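Visitor: One structure, as structure tokens, below. Some questions next.
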Amino acid sequence: MKKLAFFFLVFFVACTAPQEEVQIPLIPEDQMILLIADLATADAMVELEALPTNKIIYQKKMSFYKGIFEKHEVSQEEFEQSFLVYSRDLVAFDLMYDKVLEELSLRELNLLKEDQDE
């Protein structure tokens with residue numbers, strides 16, 4: 001009888017325990033990689049301007065970000081949701097950032113090549 005009571009207790013706890021909702025990112029990984037690369041490029045461009053105050057830096061970055069989100073046809077909220085979902089798996093997230101770095105390196109090489117061609 002005790003075994004049966006224990007079984008029902010375990011069954012009840014297992015059935016009533018809150019289940020973590022599995023979220024799917026709204027932005028596919030390939031698009032997210034390009035989006036993060038664009039955001040990193042925008043950050044670098046703003047930092048190179050040596051703007052006088054943090055407020056101006058923030059405003060300039062937000063202006064760039066808005067254009068980048070429009071270019072990729074996503075909202076800031078969709079980006080934030082996807083970023084949060086991807087960041088929950090640190091190993092996969094690290095691999096994704098490796099791809100972002102590869103994308104940025106390719107862009108840099110293309111710019112250097114264009115400069116040499118001119």
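By convention here, the chains of the structure tokens are called A, B, ... in the order presented, each chain's residues are numbered starting at 1, and ligands are numbered starting at 1 in the order presented.
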When DSSP works through the backbone of this structure, what residues of chain A end up as helix (DSSP H, G or I), shown as a compact mmCIF listing (two decimals) with C-alpha atoms, in the first residue's frame?

Guide:
```
# COMPACT_ATOMS: atom_id res chain seq x y z
CA LYS A 2 2.86 2.40 0.83
CA LYS A 3 4.39 1.71 -2.58
CA LEU A 4 1.12 2.54 -4.27
CA ALA A 5 0.78 5.78 -2.29
CA PHE A 6 4.38 6.69 -3.13
CA PHE A 7 3.73 5.98 -6.83
CA PHE A 8 0.68 8.29 -6.85
CA LEU A 9 2.63 11.00 -5.01
CA VAL A 10 5.46 10.86 -7.56
CA PHE A 11 2.97 10.76 -10.42
CA PHE A 12 1.06 13.75 -9.02
CA VAL A 13 4.25 15.81 -8.51
CA ALA A 14 5.51 14.96 -11.99
CA CYS A 15 2.22 15.94 -13.60
CA THR A 16 1.83 19.18 -11.69
CA GLU A 29 20.18 31.50 -37.24
CA ASP A 30 21.59 32.50 -40.65
CA GLN A 31 19.70 35.79 -40.56
CA MET A 32 20.63 36.33 -36.91
CA ILE A 33 24.32 35.97 -37.78
CA LEU A 34 24.07 38.66 -40.46
CA LEU A 35 22.04 40.87 -38.16
CA ILE A 36 24.55 40.63 -35.31
CA ALA A 37 27.39 41.33 -37.76
CA ASP A 38 25.57 44.45 -38.96
CA LEU A 39 25.01 45.59 -35.37
CA ALA A 40 28.69 45.05 -34.55
CA THR A 41 29.67 47.06 -37.63
CA ALA A 42 27.36 49.88 -36.55
CA ASP A 43 28.88 49.85 -33.06
CA ALA A 44 32.37 50.09 -34.52
CA MET A 45 31.38 52.97 -36.80
CA VAL A 46 29.93 54.94 -33.89
CA GLU A 47 32.96 54.26 -31.69
CA LEU A 48 35.27 55.56 -34.44
CA ASN A 54 27.33 58.76 -23.88
CA LYS A 55 23.88 60.13 -24.67
CA ILE A 56 24.93 61.07 -28.21
CA ILE A 57 26.66 57.71 -28.65
CA TYR A 58 23.48 55.92 -27.51
CA GLN A 59 21.27 58.00 -29.83
CA LYS A 60 23.55 57.37 -32.80
CA LYS A 61 23.64 53.62 -32.12
CA MET A 62 19.84 53.45 -31.75
CA SER A 63 19.50 55.27 -35.07
CA PHE A 64 21.78 52.73 -36.77
CA TYR A 65 20.02 49.81 -35.05
CA LYS A 66 16.63 51.00 -36.26
CA GLY A 67 17.88 51.02 -39.86
CA ILE A 68 19.47 47.59 -39.45
CA PHE A 69 16.26 46.09 -38.06
CA GLU A 70 14.33 47.60 -40.98
CA LYS A 71 16.88 46.22 -43.46
CA GLN A 76 13.85 45.05 -31.94
CA GLU A 77 11.53 42.85 -29.86
CA GLU A 78 11.95 39.93 -32.30
CA PHE A 79 15.70 40.39 -32.15
CA GLU A 80 15.71 40.47 -28.34
CA GLN A 81 13.49 37.37 -28.12
CA SER A 82 15.70 35.46 -30.57
CA PHE A 83 18.88 36.61 -28.86
CA LEU A 84 17.55 35.38 -25.52
CA VAL A 85 16.53 32.00 -26.94
CA TYR A 86 19.86 31.47 -28.71
CA SER A 87 21.83 32.52 -25.62
CA LEU A 90 25.91 28.58 -24.57
CA VAL A 91 27.76 26.08 -26.74
CA ALA A 92 25.55 26.73 -29.77
CA PHE A 93 25.61 30.46 -29.02
CA ASP A 94 29.41 30.43 -28.98
CA LEU A 95 29.44 28.62 -32.34
CA MET A 96 27.02 31.19 -33.71
CA TYR A 97 29.32 34.00 -32.60
CA ASP A 98 32.21 32.24 -34.33
CA LYS A 99 30.15 32.50 -37.52
CA VAL A 100 29.54 36.20 -36.81
CA LEU A 101 33.31 36.70 -36.54
CA GLU A 102 33.81 34.82 -39.80
CA GLU A 103 31.23 37.08 -41.48
CA LEU A 104 32.96 40.19 -40.16
CA SER A 105 36.34 38.90 -41.35
CA LEU A 106 34.93 38.25 -44.83
CA ARG A 107 33.51 41.77 -44.95
CA GLU A 108 36.86 43.21 -43.92
CA LEU A 109 38.66 41.22 -46.61
CA ASN A 110 36.16 42.43 -49.22
CA LEU A 111 36.70 46.04 -48.17
CA LEU A 112 40.47 45.63 -48.35
CA LYS A 113 40.14 44.05 -51.78
CA GLU A 114 37.95 46.93 -52.98
CA ASP A 115 40.50 49.44 -51.70
CA GLN A 116 43.28 47.67 -53.60
CA ASP A 117 41.21 47.61 -56.80
```
